[in-house]
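Heads up, final05.cif below (mmCIF, C-alpha atoms):
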data_target
#
loop_
_atom_site.label_atom_id
_atom_site.label_comp_id
_atom_site.auth_asym_id
_atom_site.auth_seq_id
_atom_site.Cartn_x
_atom_site.Cartn_y
_atom_site.Cartn_z
CA MET A 1 20.70 -58.65 26.06
CA ASN A 2 19.65 -58.10 22.46
CA SER A 3 18.30 -54.64 23.31
CA GLU A 4 21.63 -53.62 24.88
CA LEU A 5 23.48 -54.78 21.78
CA ALA A 6 21.15 -52.78 19.56
CA ILE A 7 21.75 -49.65 21.57
CA ARG A 8 25.54 -50.06 21.41
CA ASN A 9 25.50 -50.58 17.63
CA SER A 10 23.05 -47.77 16.85
CA PRO A 11 24.62 -44.76 15.07
CA PRO A 12 24.95 -41.54 17.06
CA SER A 13 22.28 -38.90 16.43
CA VAL A 14 23.19 -36.24 13.91
CA LEU A 15 22.70 -32.65 15.04
CA THR A 16 21.94 -30.06 12.40
CA THR A 17 23.02 -26.50 13.07
CA LEU A 18 21.42 -23.63 11.16
CA ARG A 19 23.51 -20.49 11.08
CA ILE A 20 21.83 -17.24 10.07
CA ALA A 21 24.32 -14.71 8.76
CA PRO A 22 23.80 -11.29 7.14
CA SER A 23 23.77 -11.28 3.35
CA LYS A 24 26.36 -9.51 1.27
CA GLY A 25 25.63 -7.23 -1.69
CA TRP A 26 22.51 -7.67 -3.80
CA VAL A 27 20.55 -10.82 -2.92
CA SER A 28 17.48 -12.62 -4.20
CA LEU A 29 14.04 -11.73 -2.89
CA LYS A 30 13.38 -15.27 -1.54
CA LEU A 31 9.68 -14.99 -2.26
CA ARG A 32 9.19 -18.66 -1.38
CA GLU A 33 9.89 -17.75 2.26
CA LEU A 34 6.88 -15.43 2.23
CA TRP A 35 4.64 -18.39 1.47
CA GLU A 36 6.29 -20.47 4.19
CA TYR A 37 5.58 -17.70 6.71
CA ARG A 38 2.05 -16.97 5.44
CA GLU A 39 0.55 -17.65 8.87
CA LEU A 40 2.72 -14.94 10.39
CA LEU A 41 1.59 -12.57 7.64
CA TYR A 42 -2.03 -13.32 8.48
CA PHE A 43 -1.36 -12.75 12.18
CA LEU A 44 0.34 -9.38 11.59
CA VAL A 45 -2.45 -8.22 9.28
CA TRP A 46 -5.08 -9.15 11.84
CA ARG A 47 -3.07 -7.51 14.64
CA ASP A 48 -2.71 -4.25 12.68
CA ILE A 49 -6.45 -4.18 11.99
CA LYS A 50 -7.31 -4.62 15.66
CA VAL A 51 -4.71 -2.16 16.96
CA ARG A 52 -5.50 0.59 14.45
CA TYR A 53 -8.77 1.67 16.05
CA LYS A 54 -8.25 0.31 19.54
CA GLN A 55 -9.50 2.68 22.25
CA THR A 56 -10.99 5.08 19.68
CA ALA A 57 -14.48 6.47 20.20
CA LEU A 58 -15.53 6.12 16.56
CA GLY A 59 -13.57 2.97 15.74
CA ALA A 60 -13.58 1.88 12.11
CA SER A 61 -15.77 4.88 11.21
CA TRP A 62 -12.53 6.82 10.70
CA ALA A 63 -12.04 4.82 7.50
CA ILE A 64 -15.12 6.63 6.17
CA ILE A 65 -14.79 9.98 7.94
CA GLN A 66 -11.34 10.78 6.57
CA PRO A 67 -12.13 10.59 2.81
CA PHE A 68 -15.67 11.88 3.29
CA PHE A 69 -14.72 15.16 4.95
CA THR A 70 -11.85 15.62 2.52
CA MET A 71 -14.47 15.31 -0.22
CA VAL A 72 -16.58 17.98 1.51
CA VAL A 73 -13.63 20.40 1.62
CA PHE A 74 -12.72 19.73 -2.02
CA SER A 75 -16.34 20.16 -3.11
CA LEU A 76 -16.57 23.50 -1.34
CA PHE A 77 -13.31 25.07 -2.46
CA PHE A 78 -12.55 23.38 -5.78
CA GLY A 79 -16.02 22.43 -6.97
CA HIS A 80 -18.18 25.33 -5.74
CA LEU A 81 -15.76 28.24 -5.49
CA GLY A 82 -13.09 27.19 -7.98
CA LYS A 83 -15.55 25.79 -10.59
CA ILE A 84 -13.14 22.97 -11.43
CA PRO A 85 -14.62 20.73 -14.17
CA SER A 86 -15.55 17.18 -13.21
CA ASP A 87 -16.01 15.36 -16.54
CA GLY A 88 -19.79 15.69 -16.34
CA ILE A 89 -20.01 13.94 -12.95
CA PRO A 90 -21.36 15.65 -9.81
CA TYR A 91 -18.26 17.02 -8.13
CA PRO A 92 -18.77 15.35 -4.72
CA LEU A 93 -18.99 11.96 -6.40
CA PHE A 94 -16.15 12.85 -8.77
CA SER A 95 -13.76 13.65 -5.92
CA PHE A 96 -14.88 10.87 -3.56
CA ALA A 97 -14.37 8.22 -6.26
CA ALA A 98 -10.73 9.34 -6.39
CA LEU A 99 -10.30 9.71 -2.63
CA VAL A 100 -11.28 6.09 -1.91
CA PRO A 101 -8.26 4.51 -3.69
CA TRP A 102 -6.05 7.45 -2.73
CA THR A 103 -6.79 7.00 0.99
CA PHE A 104 -5.98 3.31 0.65
CA PHE A 105 -2.65 4.20 -0.96
CA ALA A 106 -1.76 7.01 1.46
CA ASN A 107 -2.61 5.04 4.61
CA GLY A 108 -0.70 2.02 3.34
CA LEU A 109 2.32 4.21 2.61
CA GLY A 110 2.20 5.85 6.03
CA GLN A 111 1.78 2.56 7.91
CA SER A 112 4.40 0.62 5.95
CA SER A 113 7.05 3.36 6.12
CA ASN A 114 7.02 3.14 9.94
CA SER A 115 6.38 -0.60 10.15
CA LEU A 116 9.97 -1.75 10.77
CA VAL A 117 10.64 0.82 13.49
CA GLY A 118 7.30 0.04 15.09
CA ASN A 119 8.11 -3.68 15.19
CA ALA A 120 11.69 -3.29 16.46
CA ASN A 121 11.19 -5.72 19.35
CA LEU A 122 9.97 -8.42 16.98
CA ILE A 123 12.75 -7.86 14.44
CA THR A 124 15.59 -8.00 16.98
CA LYS A 125 14.41 -11.21 18.68
CA ILE A 126 13.38 -13.70 16.00
CA TYR A 127 14.07 -14.42 12.36
CA PHE A 128 11.43 -14.20 9.65
CA PRO A 129 11.30 -12.58 6.20
CA ARG A 130 11.28 -8.86 6.97
CA LEU A 131 9.25 -8.19 3.84
CA ILE A 132 6.26 -9.51 5.76
CA VAL A 133 6.17 -6.44 8.03
CA PRO A 134 5.49 -3.71 5.42
CA LEU A 135 3.40 -6.19 3.42
CA ALA A 136 1.09 -6.72 6.40
CA SER A 137 0.79 -2.95 6.92
CA VAL A 138 -0.45 -2.44 3.36
CA PHE A 139 -2.79 -5.45 3.37
CA SER A 140 -4.44 -4.34 6.61
CA GLY A 141 -5.76 -1.25 4.80
CA ILE A 142 -8.01 -3.38 2.58
CA VAL A 143 -10.68 -3.41 5.31
CA ASP A 144 -10.74 0.41 5.42
CA PHE A 145 -10.89 0.49 1.63
CA LEU A 146 -13.94 -1.79 1.58
CA LEU A 147 -15.78 0.36 4.15
CA ALA A 148 -15.17 3.54 2.14
CA PHE A 149 -16.09 1.72 -1.07
CA VAL A 150 -19.52 0.88 0.35
CA VAL A 151 -20.10 4.60 0.97
CA LEU A 152 -19.02 5.30 -2.61
CA LEU A 153 -21.63 2.86 -3.90
CA GLY A 154 -24.22 4.61 -1.74
CA MET A 155 -23.28 7.98 -3.26
CA MET A 156 -23.57 6.51 -6.76
CA LEU A 157 -27.06 5.30 -5.87
CA TYR A 158 -27.96 8.75 -4.52
CA TYR A 159 -26.86 10.50 -7.71
CA GLY A 160 -28.48 7.87 -9.90
CA ILE A 161 -25.26 6.69 -11.57
CA ALA A 162 -24.96 2.97 -12.24
CA PRO A 163 -21.62 1.27 -13.00
CA THR A 164 -21.00 0.15 -16.56
CA LEU A 165 -19.36 -3.04 -17.82
CA ASN A 166 -16.06 -1.28 -17.25
CA VAL A 167 -16.47 -2.18 -13.58
CA PHE A 168 -14.85 -5.56 -14.31
CA TRP A 169 -11.56 -3.67 -14.66
CA LEU A 170 -11.85 -2.33 -11.11
CA PRO A 171 -9.77 -5.08 -9.40
CA LEU A 172 -6.88 -4.16 -11.70
CA PHE A 173 -6.87 -0.57 -10.46
CA VAL A 174 -7.14 -1.68 -6.82
CA PHE A 175 -4.17 -3.98 -7.37
CA LEU A 176 -2.24 -1.14 -9.01
CA ALA A 177 -2.86 1.04 -5.94
CA LEU A 178 -1.67 -1.79 -3.68
CA VAL A 179 1.49 -2.33 -5.74
CA THR A 180 2.27 1.39 -5.70
CA SER A 181 1.72 1.67 -1.95
CA LEU A 182 3.84 -1.39 -1.23
CA GLY A 183 6.64 -0.35 -3.59
CA VAL A 184 7.02 3.14 -2.12
CA GLY A 185 6.52 1.72 1.38
CA LEU A 186 9.43 -0.69 0.91
CA TRP A 187 11.74 2.18 -0.04
CA PHE A 188 10.74 4.38 2.88
CA SER A 189 10.57 1.60 5.49
CA ALA A 190 14.14 0.56 4.71
CA LEU A 191 15.33 4.16 4.69
CA ASN A 192 13.49 4.92 7.91
CA VAL A 193 15.54 2.35 9.83
CA GLU A 194 18.76 4.20 9.08
CA TYR A 195 17.45 7.76 8.72
CA ARG A 196 14.69 8.60 11.19
CA ASP A 197 14.08 11.85 9.31
CA VAL A 198 11.97 9.79 6.92
CA ARG A 199 9.05 9.79 9.35
CA TYR A 200 8.85 13.58 8.93
CA VAL A 201 9.39 13.50 5.18
CA VAL A 202 6.66 10.97 4.36
CA PRO A 203 3.67 13.19 5.37
CA PHE A 204 5.08 16.04 3.29
CA ILE A 205 5.59 13.79 0.26
CA THR A 206 2.09 12.34 0.68
CA GLN A 207 0.56 15.83 0.78
CA PHE A 208 2.49 16.88 -2.32
CA TRP A 209 1.56 13.63 -4.07
CA LEU A 210 -2.11 14.30 -3.32
CA PHE A 211 -2.13 17.49 -5.37
CA ALA A 212 0.08 15.92 -8.04
CA THR A 213 -2.70 13.35 -8.60
CA PRO A 214 -5.95 14.25 -10.41
CA ILE A 215 -8.22 13.99 -7.37
CA ALA A 216 -9.53 17.54 -7.13
CA TYR A 217 -9.31 18.01 -10.91
CA PRO A 218 -9.49 15.76 -14.00
CA SER A 219 -6.44 14.76 -16.01
CA SER A 220 -8.38 15.79 -19.12
CA LEU A 221 -7.19 19.34 -18.43
CA LEU A 222 -3.87 18.20 -19.91
CA SER A 223 -3.42 17.66 -23.63
CA GLN A 224 -1.44 14.86 -25.24
CA PRO A 225 1.33 13.83 -24.95
CA TRP A 226 1.53 15.44 -21.51
CA ARG A 227 -1.47 13.49 -20.28
CA THR A 228 0.26 10.19 -21.02
CA ILE A 229 3.53 11.39 -19.46
CA TYR A 230 1.46 12.39 -16.42
CA GLY A 231 0.86 8.65 -16.00
CA LEU A 232 4.42 8.27 -14.67
CA ASN A 233 2.68 9.04 -11.41
CA PRO A 234 1.15 5.56 -10.85
CA MET A 235 -1.77 6.99 -8.88
CA VAL A 236 -2.89 8.89 -11.98
CA GLY A 237 -3.75 5.59 -13.65
CA VAL A 238 -5.45 4.35 -10.47
CA VAL A 239 -7.63 7.43 -10.01
CA GLU A 240 -8.61 7.88 -13.65
CA GLY A 241 -9.19 4.15 -13.97
CA PHE A 242 -11.44 4.15 -10.91
CA ARG A 243 -13.60 6.93 -12.31
CA TRP A 244 -13.78 5.31 -15.72
CA ALA A 245 -14.67 1.88 -14.33
CA LEU A 246 -17.28 3.05 -11.82
CA LEU A 247 -18.68 6.32 -13.15
CA GLY A 248 -18.31 5.73 -16.89
CA THR A 249 -16.39 8.94 -17.60
CA ASN A 250 -15.52 9.62 -21.23
CA THR A 251 -11.83 10.04 -20.37
CA ALA A 252 -10.77 6.41 -20.76
CA PRO A 253 -7.29 5.95 -19.25
CA GLY A 254 -5.84 4.28 -22.34
CA PRO A 255 -2.04 4.74 -22.51
CA ILE A 256 -2.03 6.20 -18.98
CA ILE A 257 -2.69 2.73 -17.54
CA ALA A 258 0.28 1.23 -19.37
CA VAL A 259 2.61 4.01 -18.22
CA SER A 260 1.31 3.94 -14.63
CA SER A 261 1.54 0.14 -14.45
CA ALA A 262 5.13 0.18 -15.72
CA ALA A 263 6.08 2.91 -13.22
CA ALA A 264 4.44 1.03 -10.33
CA LEU A 265 6.23 -2.19 -11.29
CA VAL A 266 9.61 -0.43 -11.41
CA ILE A 267 8.99 1.12 -7.99
CA LEU A 268 7.97 -2.25 -6.51
CA VAL A 269 10.87 -4.27 -7.94
CA THR A 270 13.55 -1.71 -7.09
CA GLY A 271 12.04 -1.16 -3.66
CA ALA A 272 11.99 -4.89 -2.93
CA PHE A 273 15.63 -5.38 -3.95
CA TYR A 274 16.75 -2.32 -1.98
CA PHE A 275 14.80 -3.58 1.03
CA ARG A 276 16.47 -7.00 0.81
CA ARG A 277 19.90 -5.43 0.43
CA MET A 278 19.45 -3.31 3.55
CA GLU A 279 17.73 -6.07 5.51
CA LYS A 280 21.04 -7.29 6.98
CA THR A 281 21.36 -4.06 9.00
CA PHE A 282 17.81 -3.90 10.40
CA ALA A 283 18.35 -5.92 13.58
CA ASP A 284 21.49 -3.96 14.48
CA ILE A 285 20.26 -0.38 14.11
CA VAL A 286 16.47 -0.52 14.39
#

Could you render the structure as structure tokens?
Amino acid sequence: MNSELAIRNSPPSVLTTLRIAPSKGWVSLKLRELWEYRELLYFLVWRDIKVRYKQTALGASWAIIQPFFTMVVFSLFFGHLGKIPSDGIPYPLFSFAALVPWTFFANGLGQSSNSLVGNANLITKIYFPRLIVPLASVFSGIVDFLLAFVVLLGMMLYYGIAPTLNVFWLPLFVFLALVTSLGVGLWFSALNVEYRDVRYVVPFITQFWLFATPIAYPSSLLSQPWRTIYGLNPMVGVVEGFRWALLGTNTAPGPIIAVSSAAALVILVTGAFYFRRMEKTFADIV
């Protein structure tokens, strides 16, 4: 009897309805959501790593083969035939030290620019912060970077060059490469959803960017103030910083790092806000 009375007097359950609607205009980045969905980010990173070399004969060896054979070509044509200076460092080591961070940047850019289109089924079915998709594509390249970096250390041992105390600055330059790759990737991934021409433009831009970065040649060929202005290309600071930190070159980046860091930050912030502004259209047109 008492139980029946309790049931009759109990308040009705309250149902909460969550309505997800597209945003209007410029919106906040909602970075807190990225932390709430960190497990999904981990899953996507791990999935990209496994899928990248699935059913390949050489597997993860491609992370080493790609920069290594590019170094061989550069050494032959630019180092041996072109006699390009290398700041007193053996040219193969000089070019490979630049190709390691460059390959990390270029692969991250290529993967992230196509990440939304490649995950169309996921985007159209469930809700999650879309920033996670290009972010996972860039983070998954860290494994390839580490494999190539081990080869770089082996080449330094072969040529008898030991890192100096400047090596403690190395994580900064790796982070700068990651920020640059993610920033440009956010721009192109959002544009690629609406304009599929982007997938054809990105390889061309990457190839042009390669020769606009001091990989096959040193930035010391430029005099001031042009050398500092050259740092508006964020990868200039990354490449020159890598060589300075690992190989102890006399061309300390100096003001180039400040200019490159500022440029990379501008690219990342503007790319993130543009991505969030266009995010409302992804599920409809992807």

Selection result for the PyMOL selection byres ((chain A and resi 169) around 12) on this file, as a PyMOL selection string: chain A and resi 163-168+170-176+238+240-246+248+252-253+257

Residue neighbourhood A:Ile84, 9 Å, all atoms listed in the file, exclusion window fewer than 6 positions, as an MDAnalysis selection string: chainID A and resid 78 91 216:218

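Of the listed residues (A:Leu247, A:Val45, A:Ile229, A:Val138), A:Val138 comes nearest to A:Gly185; the distances count all atoms listed in the file.
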
Picked residues, the PyMOL selection byres ((chain A and resi 272-281) around 12), as a PyMOL selection string: chain A and resi 20-31+113+116+123-124+127-135+179-180+182-194+265-271+282-286

Atomic separation - atom CA of A:Val100 relative to atom CA of A:Val239, Å: 9.0 Å

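Straight-line separation from atom CA of A:Gly237 to atom CA of A:Ile256: 5.6 Å.
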
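Minimum atom-to-atom distance to A:Trp226, evaluated using only C-alpha atoms, belongs to A:Pro255 out of A:Ser61, A:Pro255, A:Ser86, A:Pro203.
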
Residue among A:Leu221, A:Leu153, A:Ala106, A:Ala136 lying closest to A:Phe208, counting only C-alpha atoms: A:Ala106

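Among the candidate residues A:Trp209, A:Gln111, A:Asn250, A:Val259, the one lying nearest to A:Arg52 is A:Gln111, with distances computed using only C-alpha atoms.
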
Length of the atom CA of A:Ile64 to atom CA of A:Val150 vector [Å]: 9.3 Å

Taking (-1.4, -2.6, 12.4) in the file's coordinates, which residues come within 12 Å, counting only C-alpha atoms, written as a PDB file with C-alpha atoms, keeping the file's coordinate frame?
ATOM      1  CA  LEU A  41       1.590 -12.570   7.640  1.00  0.00           C
ATOM      2  CA  TYR A  42      -2.030 -13.320   8.480  1.00  0.00           C
ATOM      3  CA  PHE A  43      -1.360 -12.750  12.180  1.00  0.00           C
ATOM      4  CA  LEU A  44       0.340  -9.380  11.590  1.00  0.00           C
ATOM      5  CA  VAL A  45      -2.450  -8.220   9.280  1.00  0.00           C
ATOM      6  CA  TRP A  46      -5.080  -9.150  11.840  1.00  0.00           C
ATOM      7  CA  ARG A  47      -3.070  -7.510  14.640  1.00  0.00           C
ATOM      8  CA  ASP A  48      -2.710  -4.250  12.680  1.00  0.00           C
ATOM      9  CA  ILE A  49      -6.450  -4.180  11.990  1.00  0.00           C
ATOM     10  CA  LYS A  50      -7.310  -4.620  15.660  1.00  0.00           C
ATOM     11  CA  VAL A  51      -4.710  -2.160  16.960  1.00  0.00           C
ATOM     12  CA  ARG A  52      -5.500   0.590  14.450  1.00  0.00           C
ATOM     13  CA  TYR A  53      -8.770   1.670  16.050  1.00  0.00           C
ATOM     14  CA  LYS A  54      -8.250   0.310  19.540  1.00  0.00           C
ATOM     15  CA  ASN A 107      -2.610   5.040   4.610  1.00  0.00           C
ATOM     16  CA  GLY A 108      -0.700   2.020   3.340  1.00  0.00           C
ATOM     17  CA  GLY A 110       2.200   5.850   6.030  1.00  0.00           C
ATOM     18  CA  GLN A 111       1.780   2.560   7.910  1.00  0.00           C
ATOM     19  CA  SER A 112       4.400   0.620   5.950  1.00  0.00           C
ATOM     20  CA  ASN A 114       7.020   3.140   9.940  1.00  0.00           C
ATOM     21  CA  SER A 115       6.380  -0.600  10.150  1.00  0.00           C
ATOM     22  CA  LEU A 116       9.970  -1.750  10.770  1.00  0.00           C
ATOM     23  CA  GLY A 118       7.300   0.040  15.090  1.00  0.00           C
ATOM     24  CA  ASN A 119       8.110  -3.680  15.190  1.00  0.00           C
ATOM     25  CA  VAL A 133       6.170  -6.440   8.030  1.00  0.00           C
ATOM     26  CA  PRO A 134       5.490  -3.710   5.420  1.00  0.00           C
ATOM     27  CA  LEU A 135       3.400  -6.190   3.420  1.00  0.00           C
ATOM     28  CA  ALA A 136       1.090  -6.720   6.400  1.00  0.00           C
ATOM     29  CA  SER A 137       0.790  -2.950   6.920  1.00  0.00           C
ATOM     30  CA  VAL A 138      -0.450  -2.440   3.360  1.00  0.00           C
ATOM     31  CA  PHE A 139      -2.790  -5.450   3.370  1.00  0.00           C
ATOM     32  CA  SER A 140      -4.440  -4.340   6.610  1.00  0.00           C
ATOM     33  CA  GLY A 141      -5.760  -1.250   4.800  1.00  0.00           C
ATOM     34  CA  ILE A 142      -8.010  -3.380   2.580  1.00  0.00           C
ATOM     35  CA  VAL A 143     -10.680  -3.410   5.310  1.00  0.00           C
TER      36      VAL A 143
END

Output check: residues returned by the PyMOL selection byres ((chain A and resi 96) around 8), as a VMD selection string: chain A and resid 67 to 68 71 92 to 95 97 to 100 152

Test item: which residues lie within 8 Å of (2.8, 10.1, -12.5) counting all atoms listed in the file, as an MDAnalysis selection string: chainID A and resid 212:213 229:236 260 263

Expected axis-aligned box over every listed atom of stretch 125-139 of chain A, 8 Å added per side, centre plus edges in Å to one decimal, as AutoDock Vina command-line options:
--center_x 5.8 --center_y -8.4 --center_z 11.0 --size_x 33.2 --size_y 28.0 --size_z 31.3
